[in-house]
file start17.csv (CSV, C-alpha atoms)
chain,number,residue,atom,x,y,z
A,1,MET,CA,0.0,0.0,0.0
A,2,THR,CA,1.3,3.4,-0.9
A,3,SER,CA,2.1,5.7,2.0
A,4,LEU,CA,0.2,9.0,2.2
A,5,THR,CA,3.0,10.8,4.0
A,6,ASP,CA,4.3,13.9,2.4
A,7,THR,CA,7.7,15.6,2.4
A,8,PRO,CA,8.0,18.3,5.0
A,9,PHE,CA,7.0,21.9,4.1
A,10,ASN,CA,9.9,24.0,5.4
A,11,ILE,CA,10.6,27.7,5.0
A,12,ALA,CA,13.8,29.1,6.4
A,13,GLY,CA,14.2,26.2,8.8
A,14,ARG,CA,10.6,26.5,10.1
A,15,HIS,CA,8.3,23.5,9.6
A,16,PHE,CA,4.6,23.9,8.7
A,17,SER,CA,1.8,21.5,8.3
A,18,SER,CA,-0.5,23.7,6.2
A,19,ARG,CA,0.6,24.7,2.7
A,20,LEU,CA,-2.0,27.5,2.6
A,21,LEU,CA,-0.9,31.0,3.6
A,22,VAL,CA,-3.4,33.8,4.0
A,23,GLY,CA,-3.6,37.5,4.2
A,24,THR,CA,-5.5,39.8,6.6
A,25,GLY,CA,-6.7,42.6,4.4
A,26,LYS,CA,-10.1,43.5,2.9
A,27,TYR,CA,-12.2,41.9,5.6
A,28,LYS,CA,-15.1,43.9,7.2
A,29,ASP,CA,-13.3,43.9,10.6
A,30,PHE,CA,-10.6,42.1,12.6
A,31,THR,CA,-13.2,39.7,14.0
A,32,GLU,CA,-14.0,38.3,10.6
A,33,THR,CA,-10.3,38.3,9.8
A,34,GLY,CA,-9.6,36.1,12.8
A,35,ALA,CA,-12.5,33.7,12.1
A,36,ALA,CA,-11.5,33.3,8.4
A,37,VAL,CA,-7.9,32.7,9.2
A,38,GLU,CA,-8.8,30.0,11.8
A,39,GLN,CA,-11.2,28.3,9.3
A,40,SER,CA,-8.5,28.2,6.6
A,41,GLY,CA,-6.2,26.2,8.8
A,42,ALA,CA,-3.3,28.4,7.8
A,43,GLU,CA,-0.2,28.7,10.0
A,44,ILE,CA,1.5,31.6,8.2
A,45,VAL,CA,-0.4,34.8,8.1
A,46,THR,CA,0.7,37.8,6.2
A,47,PHE,CA,-0.1,41.5,6.7
A,48,ALA,CA,0.9,44.8,5.2
A,49,VAL,CA,3.2,46.6,7.6
A,50,ARG,CA,2.2,50.0,6.3
A,51,ARG,CA,-1.6,49.4,6.6
A,52,THR,CA,-1.9,47.4,9.8
A,53,ASN,CA,-2.0,48.4,13.5
A,54,LEU,CA,0.2,46.2,15.6
A,55,GLY,CA,-0.1,48.5,18.6
A,56,GLN,CA,1.4,51.7,17.1
A,57,GLU,CA,-2.1,53.3,17.5
A,58,THR,CA,-3.3,52.6,21.0
A,59,ASP,CA,-6.9,53.6,20.3
A,60,ALA,CA,-7.3,51.5,17.2
A,61,PRO,CA,-8.1,47.8,16.8
A,62,ASN,CA,-4.9,45.7,17.0
A,63,LEU,CA,-4.4,42.8,14.6
A,64,LEU,CA,-2.5,40.9,17.2
A,65,ASP,CA,-5.7,40.7,19.3
A,66,VAL,CA,-7.1,38.2,16.8
A,67,ILE,CA,-3.9,36.8,15.1
A,68,SER,CA,-1.7,35.8,18.0
A,69,PRO,CA,2.1,35.4,17.4
A,70,LYS,CA,1.9,32.5,19.8
A,71,ARG,CA,-0.4,30.6,17.5
A,72,TYR,CA,0.6,31.9,14.0
A,73,THR,CA,3.8,32.7,12.2
A,74,LEU,CA,3.5,36.3,11.2
A,75,LEU,CA,4.7,37.3,7.8
A,76,PRO,CA,5.1,41.1,7.4
A,77,ASN,CA,4.9,42.2,3.8
A,78,THR,CA,5.9,45.3,2.0
A,79,ALA,CA,2.7,45.9,0.1
A,80,GLY,CA,2.5,49.5,-1.1
A,81,CYS,CA,6.2,49.9,-1.6
A,82,TYR,CA,7.4,51.0,-5.0
A,83,THR,CA,11.2,51.3,-4.4
A,84,ALA,CA,13.8,49.1,-2.9
A,85,LYS,CA,14.6,51.8,-0.3
A,86,ASP,CA,11.0,51.9,0.9
A,87,ALA,CA,10.7,48.1,1.0
A,88,VAL,CA,13.9,47.8,3.1
A,89,ARG,CA,12.8,50.5,5.5
A,90,THR,CA,9.4,48.8,5.9
A,91,CYS,CA,11.0,45.4,6.7
A,92,ARG,CA,13.2,47.0,9.3
A,93,LEU,CA,10.2,48.7,10.9
A,94,ALA,CA,8.5,45.3,11.1
A,95,ARG,CA,11.5,43.8,12.8
A,96,GLU,CA,11.4,46.5,15.4
A,97,LEU,CA,7.6,46.1,16.0
A,98,LEU,CA,7.9,42.3,16.3
A,99,ASP,CA,10.9,42.1,18.5
A,100,GLY,CA,13.5,41.0,16.0
A,101,HIS,CA,11.2,38.9,13.7
A,102,ASN,CA,13.2,38.4,10.5
A,103,LEU,CA,10.9,36.4,8.2
A,104,VAL,CA,9.4,38.8,5.7
A,105,LYS,CA,7.5,38.8,2.4
A,106,LEU,CA,9.2,41.2,-0.1
A,107,GLU,CA,7.1,42.8,-2.8
A,108,VAL,CA,8.1,45.9,-4.7
A,109,LEU,CA,5.4,47.1,-7.1
A,110,GLY,CA,5.8,48.8,-10.5
A,111,ASP,CA,2.7,50.9,-10.6
A,112,ASP,CA,-0.8,51.5,-9.1
A,113,THR,CA,-2.6,50.1,-12.1
A,114,THR,CA,-1.3,46.6,-12.5
A,115,LEU,CA,0.5,46.1,-9.1
A,116,TYR,CA,3.0,44.1,-11.2
A,117,PRO,CA,6.3,43.5,-9.5
A,118,ASN,CA,9.2,45.9,-10.3
A,119,VAL,CA,11.8,43.2,-10.8
A,120,VAL,CA,14.8,45.6,-10.8
A,121,GLU,CA,13.8,47.1,-7.5
A,122,THR,CA,12.9,43.7,-6.1
A,123,LEU,CA,16.4,42.3,-6.8
A,124,LYS,CA,18.0,45.4,-5.2
A,125,ALA,CA,15.8,45.2,-2.1
A,126,ALA,CA,16.4,41.4,-1.7
A,127,GLU,CA,20.1,41.9,-1.8
A,128,THR,CA,20.1,44.5,1.0
A,129,LEU,CA,17.6,42.5,3.1
A,130,LEU,CA,19.6,39.3,2.8
A,131,GLU,CA,22.8,41.1,3.8
A,132,ASP,CA,20.9,42.5,6.8
A,133,GLY,CA,19.9,39.0,8.1
A,134,PHE,CA,16.4,38.8,6.9
A,135,ASP,CA,14.7,35.5,5.6
A,136,VAL,CA,13.1,36.8,2.4
A,137,MET,CA,10.1,35.3,0.7
A,138,VAL,CA,9.8,37.2,-2.5
A,139,TYR,CA,6.8,38.1,-4.7
A,140,THR,CA,8.0,38.2,-8.3
A,141,SER,CA,6.9,37.8,-11.9
A,142,ASP,CA,6.5,34.3,-13.5
A,143,ASP,CA,9.8,34.7,-15.2
A,144,PRO,CA,12.0,31.6,-14.6
A,145,ILE,CA,15.2,33.5,-15.0
A,146,VAL,CA,14.3,36.1,-12.4
A,147,ALA,CA,13.2,33.3,-10.1
A,148,ARG,CA,16.5,31.6,-10.5
A,149,GLU,CA,18.4,34.8,-9.7
A,150,LEU,CA,16.4,35.5,-6.6
A,151,GLU,CA,17.0,31.9,-5.4
A,152,ALA,CA,20.7,32.2,-6.1
A,153,MET,CA,20.9,35.4,-4.0
A,154,GLY,CA,19.5,33.4,-1.1
A,155,CYS,CA,15.8,34.1,-0.9
A,156,CYS,CA,14.1,31.3,1.1
A,157,ALA,CA,10.9,31.1,-1.0
A,158,ILE,CA,10.0,32.2,-4.6
A,159,MET,CA,6.4,33.5,-5.0
A,160,PRO,CA,5.5,34.0,-8.7
A,161,LEU,CA,2.2,35.6,-9.4
A,162,GLY,CA,-0.6,33.6,-10.9
A,163,SER,CA,-2.2,36.7,-12.3
A,164,LEU,CA,-2.5,40.3,-11.2
A,165,ILE,CA,-3.0,41.0,-7.5
A,166,GLY,CA,-6.7,40.9,-6.5
A,167,SER,CA,-7.8,40.0,-10.1
A,168,GLY,CA,-9.2,36.5,-9.4
A,169,HIS,CA,-8.1,35.4,-12.9
A,170,GLY,CA,-6.3,32.3,-11.6
A,171,ILE,CA,-3.1,31.0,-13.1
A,172,GLN,CA,-2.6,32.6,-16.5
A,173,ASN,CA,0.7,31.0,-17.4
A,174,PRO,CA,0.9,27.5,-15.9
A,175,HIS,CA,3.8,26.6,-18.2
A,176,ASN,CA,6.1,29.2,-16.6
A,177,ILE,CA,5.0,28.2,-13.1
A,178,ARG,CA,5.9,24.6,-13.8
A,179,LEU,CA,9.3,25.7,-15.2
A,180,ILE,CA,10.0,27.6,-11.9
A,181,VAL,CA,8.9,24.7,-9.8
A,182,GLU,CA,11.1,22.3,-11.8
A,183,GLN,CA,14.3,24.4,-11.4
A,184,SER,CA,13.8,25.5,-7.8
A,185,ARG,CA,15.4,24.0,-4.7
A,186,VAL,CA,13.5,26.4,-2.3
A,187,PRO,CA,9.7,26.4,-1.9
A,188,VAL,CA,7.7,27.9,-4.7
A,189,LEU,CA,4.3,29.4,-3.8
A,190,VAL,CA,1.8,31.0,-6.1
A,191,ASP,CA,1.0,34.5,-4.8
A,192,ALA,CA,-1.6,36.7,-6.4
A,193,GLY,CA,-4.5,36.1,-8.7
A,194,ILE,CA,-6.2,33.1,-7.0
A,195,GLY,CA,-9.9,33.5,-7.3
A,196,THR,CA,-11.5,30.3,-6.2
A,197,ALA,CA,-10.7,26.8,-4.9
A,198,SER,CA,-10.0,25.3,-8.4
A,199,ASP,CA,-7.3,27.9,-8.9
A,200,ALA,CA,-5.6,26.9,-5.6
A,201,ALA,CA,-5.8,23.2,-6.5
A,202,MET,CA,-4.3,23.9,-9.9
A,203,ALA,CA,-1.3,25.6,-8.4
A,204,MET,CA,-0.7,22.6,-6.2
A,205,GLU,CA,-1.2,20.2,-9.1
A,206,LEU,CA,1.6,22.1,-10.9
A,207,GLY,CA,3.9,21.1,-8.1
A,208,CYS,CA,3.9,24.3,-6.1
A,209,ASP,CA,4.8,23.9,-2.4
A,210,GLY,CA,2.0,26.3,-1.3
A,211,VAL,CA,-0.4,29.0,-2.1
A,212,LEU,CA,-0.8,32.5,-0.7
A,213,LEU,CA,-4.1,34.3,-1.1
A,214,ASN,CA,-6.3,36.9,0.5
A,215,SER,CA,-8.9,38.5,-1.8
A,216,ALA,CA,-10.4,35.2,-2.8
A,217,ILE,CA,-11.5,34.6,0.8
A,218,ALA,CA,-12.1,38.2,1.9
A,219,HIS,CA,-14.3,39.1,-1.1
A,220,ALA,CA,-16.3,35.8,-1.2
A,221,ARG,CA,-20.0,36.1,-0.3
A,222,ASP,CA,-19.3,33.7,2.6
A,223,PRO,CA,-15.6,34.2,3.6
A,224,LEU,CA,-15.6,31.5,6.2
A,225,ARG,CA,-16.9,28.8,3.9
A,226,MET,CA,-14.5,29.9,1.2
A,227,ALA,CA,-11.6,29.7,3.7
A,228,ASN,CA,-12.5,26.1,4.3
A,229,ALA,CA,-12.8,25.5,0.6
A,230,MET,CA,-9.3,26.8,0.0
A,231,LYS,CA,-7.9,24.7,2.8
A,232,LEU,CA,-9.4,21.6,1.2
A,233,ALA,CA,-8.4,22.6,-2.3
A,234,VAL,CA,-4.7,23.0,-1.4
A,235,GLU,CA,-4.8,19.6,0.3
A,236,ALA,CA,-6.5,17.9,-2.6
A,237,GLY,CA,-4.2,19.6,-5.2
A,238,ARG,CA,-1.1,18.4,-3.3
A,239,ASP,CA,-2.4,14.9,-3.1
A,240,ALA,CA,-3.2,14.9,-6.8
A,241,PHE,CA,0.3,16.1,-7.6
A,242,LEU,CA,1.9,13.4,-5.4
A,243,SER,CA,-0.4,10.8,-6.9
A,244,GLY,CA,0.6,11.5,-10.5
A,245,ARG,CA,-2.2,12.2,-12.9
A,246,MET,CA,-3.2,9.8,-15.6
A,247,PRO,CA,-1.8,10.5,-19.0
A,248,ARG,CA,-3.9,12.5,-21.4
A,249,ARG,CA,-5.0,10.5,-24.4
A,250,GLN,CA,-6.1,11.4,-27.9
A,251,SER,CA,-8.8,8.7,-28.0
A,252,ALA,CA,-11.2,7.1,-25.5
A,253,ASP,CA,-10.0,4.3,-23.2
A,254,PRO,CA,-12.9,2.5,-21.5
A,255,SER,CA,-12.8,1.9,-17.8
A,256,THR,CA,-14.2,-1.6,-18.3
A,257,PRO,CA,-12.2,-3.5,-21.0
A,258,PHE,CA,-14.0,-5.2,-23.8
A,259,ALA,CA,-11.8,-8.2,-23.7
A,260,ASP,CA,-13.2,-11.3,-21.9
A,261,ARG,CA,-16.6,-9.7,-21.5
A,262,ILE,CA,-19.7,-12.0,-21.2
A,263,ASN,CA,-21.9,-11.7,-24.3
A,264,GLY,CA,-25.6,-12.3,-23.9
call {"tool": "encode", "arguments": {"input": "start17.csv", "output": "structure tokens"}}
result
Amino acid sequence: MTSLTDTPFNIAGRHFSSRLLVGTGKYKDFTETGAAVEQSGAEIVTFAVRRTNLGQETDAPNLLDVISPKRYTLLPNTAGCYTAKDAVRTCRLARELLDGHNLVKLEVLGDDTTLYPNVVETLKAAETLLEDGFDVMVYTSDDPIVARELEAMGCCAIMPLGSLIGSGHGIQNPHNIRLIVEQSRVPVLVDAGIGTASDAAMAMELGCDGVLLNSAIAHARDPLRMANAMKLAVEAGRDAFLSGRMPRRQSADPSTPFADRING
């Protein structure tokens, strides 16, 4: 009987059971955020440092009241940064706010319209952060060459977009995602563009180590139910990848062979 055990999911020396990572933005309030994150089963939770209160504003709701660092691994991200300088400054601020926490998600955007990554500034910021002792998970384009460069620099996870941030268009270039997966020795996670459970399952079936998403849950009519759907989709997609799908055929192949059948 084939074993159902999987290889460990490790990022920067940390072990995780869930391969689904979720964000905390766009919910109606922190109560809904906390409930959706719990329903998703995620262990890594990302938040925009520039847009989230972690106690800086004493009179405002604090994310840490619903997302406890004792229960979840926090992943500060640099959403809203358009230069390497701003991204580096934001990561250093997060480290101060979180008492030396050094695992970060780097994203440096090119413009307000597409939110597409600025690869030049991303490479520049990654180099500085790595020299400064950060463990860098990096949002990037689906360019295999750029992904290879970021891994060679020392980034601990490569996070190519599936499609534009918040678009819900799913994975637009599965061939490139597969190329990145096949060449990478660090975890590869699709980040951005996931719209529904089938998109998450597809990412995992391509061989990705995980999926990061936010809008697909937060903008669903029922966020808690969608959070559970995403959890199951990531698990099912991973099992499908490990199982090895049947080959595609040009003609039909009956489930029940015609040979040796009983004729009436």
call {"tool": "atom_distance", "arguments": {"input": "start17.csv", "atom1": "CA of Cys91 in chain A", "atom2": "CA of Arg50 in chain A"}}
result
9.9 Å
call {"tool": "residues_around", "arguments": {"input": "start17.csv", "residues": "Ala197 in chain A", "least_positions_apart": "5", "cutoff": "10 Å", "atoms": "all atoms listed in the file", "output": "PyMOL selection string"}}
result
chain A and resi 170+202+216-217+226-234+237
call {"tool": "closest_residue", "arguments": {"input": "start17.csv", "among": "A:Asp253, A:Asp239, A:Asp191, A:Asp142", "to": "Gly23 in chain A", "atoms": "all atoms listed in the file"}}
result
A:Asp191
call {"tool": "atom_distance", "arguments": {"input": "start17.csv", "atom1": "CA of Ser215 in chain A", "atom2": "CA of Phe241 in chain A"}}
result
24.9 Å
call {"tool": "residues_around", "arguments": {"input": "start17.csv", "residues": "Tyr82 in chain A", "least_positions_apart": "5", "cutoff": "10 Å", "atoms": "all atoms listed in the file", "output": "MDAnalysis selection string"}}
result
chainID A and resid 87 107:112 115 117:118 121:122
call {"tool": "residues_around", "arguments": {"input": "start17.csv", "residues": "Leu130 in chain A", "least_positions_apart": "6", "cutoff": "12 Å", "atoms": "only C-alpha atoms", "output": "ChimeraX atom specification"}}
result
/A:88,91-92,102-104,106,122-124,136-138,150-156
call {"tool": "atom_distance", "arguments": {"input": "start17.csv", "atom1": "CA of Thr90 in chain A", "atom2": "CA of Arg185 in chain A"}}
result
27.6 Å
call {"tool": "closest_residue", "arguments": {"input": "start17.csv", "among": "A:Val146, A:Ala60, A:Leu129, A:Ala48", "to": "Leu75 in chain A", "atoms": "all atoms listed in the file"}}
result
A:Ala48
call {"tool": "closest_residue", "arguments": {"input": "start17.csv", "among": "A:Leu189, A:Ala79, A:Met204, A:Leu63", "to": "Tyr27 in chain A", "atoms": "only C-alpha atoms"}}
result
A:Leu63
call {"tool": "residues_around", "arguments": {"input": "start17.csv", "residues": "Ser167 in chain A", "least_positions_apart": "2", "cutoff": "10 Å", "atoms": "only C-alpha atoms", "output": "list in words"}}
result
Thr114, Gly162, Ser163, Leu164, Ile165, His169, Gly170, Ala192, Gly193, Ile194, Gly195, Ser215 and Ala216 of chain A
call {"tool": "closest_residue", "arguments": {"input": "start17.csv", "among": "A:Ile158, A:Leu20, A:Ala125, A:Leu64", "to": "Ile44 in chain A", "atoms": "all atoms listed in the file"}}
result
A:Leu20
call {"tool": "residues_near_point", "arguments": {"input": "start17.csv", "point": "(-2.7, 33.4, 10.8)", "cutoff": "10 Å", "atoms": "all atoms listed in the file", "output": "NGL selection string"}}
result
:A and (21-24 or 33-38 or 40-47 or 64 or 66-69 or 71-75)
call {"tool": "closest_residue", "arguments": {"input": "start17.csv", "among": "A:Asp65, A:Asp222, A:Asp6, A:Asp209", "to": "Gln39 in chain A", "atoms": "all atoms listed in the file"}}
result
A:Asp222
call {"tool": "closest_residue", "arguments": {"input": "start17.csv", "among": "A:Asn173, A:Ala201, A:Leu212, A:Pro76", "to": "Phe134 in chain A", "atoms": "only C-alpha atoms"}}
result
A:Pro76
call {"tool": "residues_around", "arguments": {"input": "start17.csv", "residues": "Gln183 in chain A", "least_positions_apart": "2", "cutoff": "10 Å", "atoms": "only C-alpha atoms", "output": "list in words"}}
result
Pro144, Ile145, Ala147, Arg148, Glu151, Arg178, Leu179, Ile180, Val181, Arg185 and Val186 of chain A
call {"tool": "write_last_selection", "arguments": {"input": "start17.csv", "atoms": "C-alpha atoms", "output": "JSON list (two decimals), in the frame of the given file"}}
result
[["chain", "number", "residue", "atom", "x", "y", "z"],
["A", 144, "PRO", "CA", 12.00, 31.60, -14.60],
["A", 145, "ILE", "CA", 15.20, 33.50, -15.00],
["A", 147, "ALA", "CA", 13.20, 33.30, -10.10],
["A", 148, "ARG", "CA", 16.50, 31.60, -10.50],
["A", 151, "GLU", "CA", 17.00, 31.90, -5.40],
["A", 178, "ARG", "CA", 5.90, 24.60, -13.80],
["A", 179, "LEU", "CA", 9.30, 25.70, -15.20],
["A", 180, "ILE", "CA", 10.00, 27.60, -11.90],
["A", 181, "VAL", "CA", 8.90, 24.70, -9.80],
["A", 185, "ARG", "CA", 15.40, 24.00, -4.70],
["A", 186, "VAL", "CA", 13.50, 26.40, -2.30]]
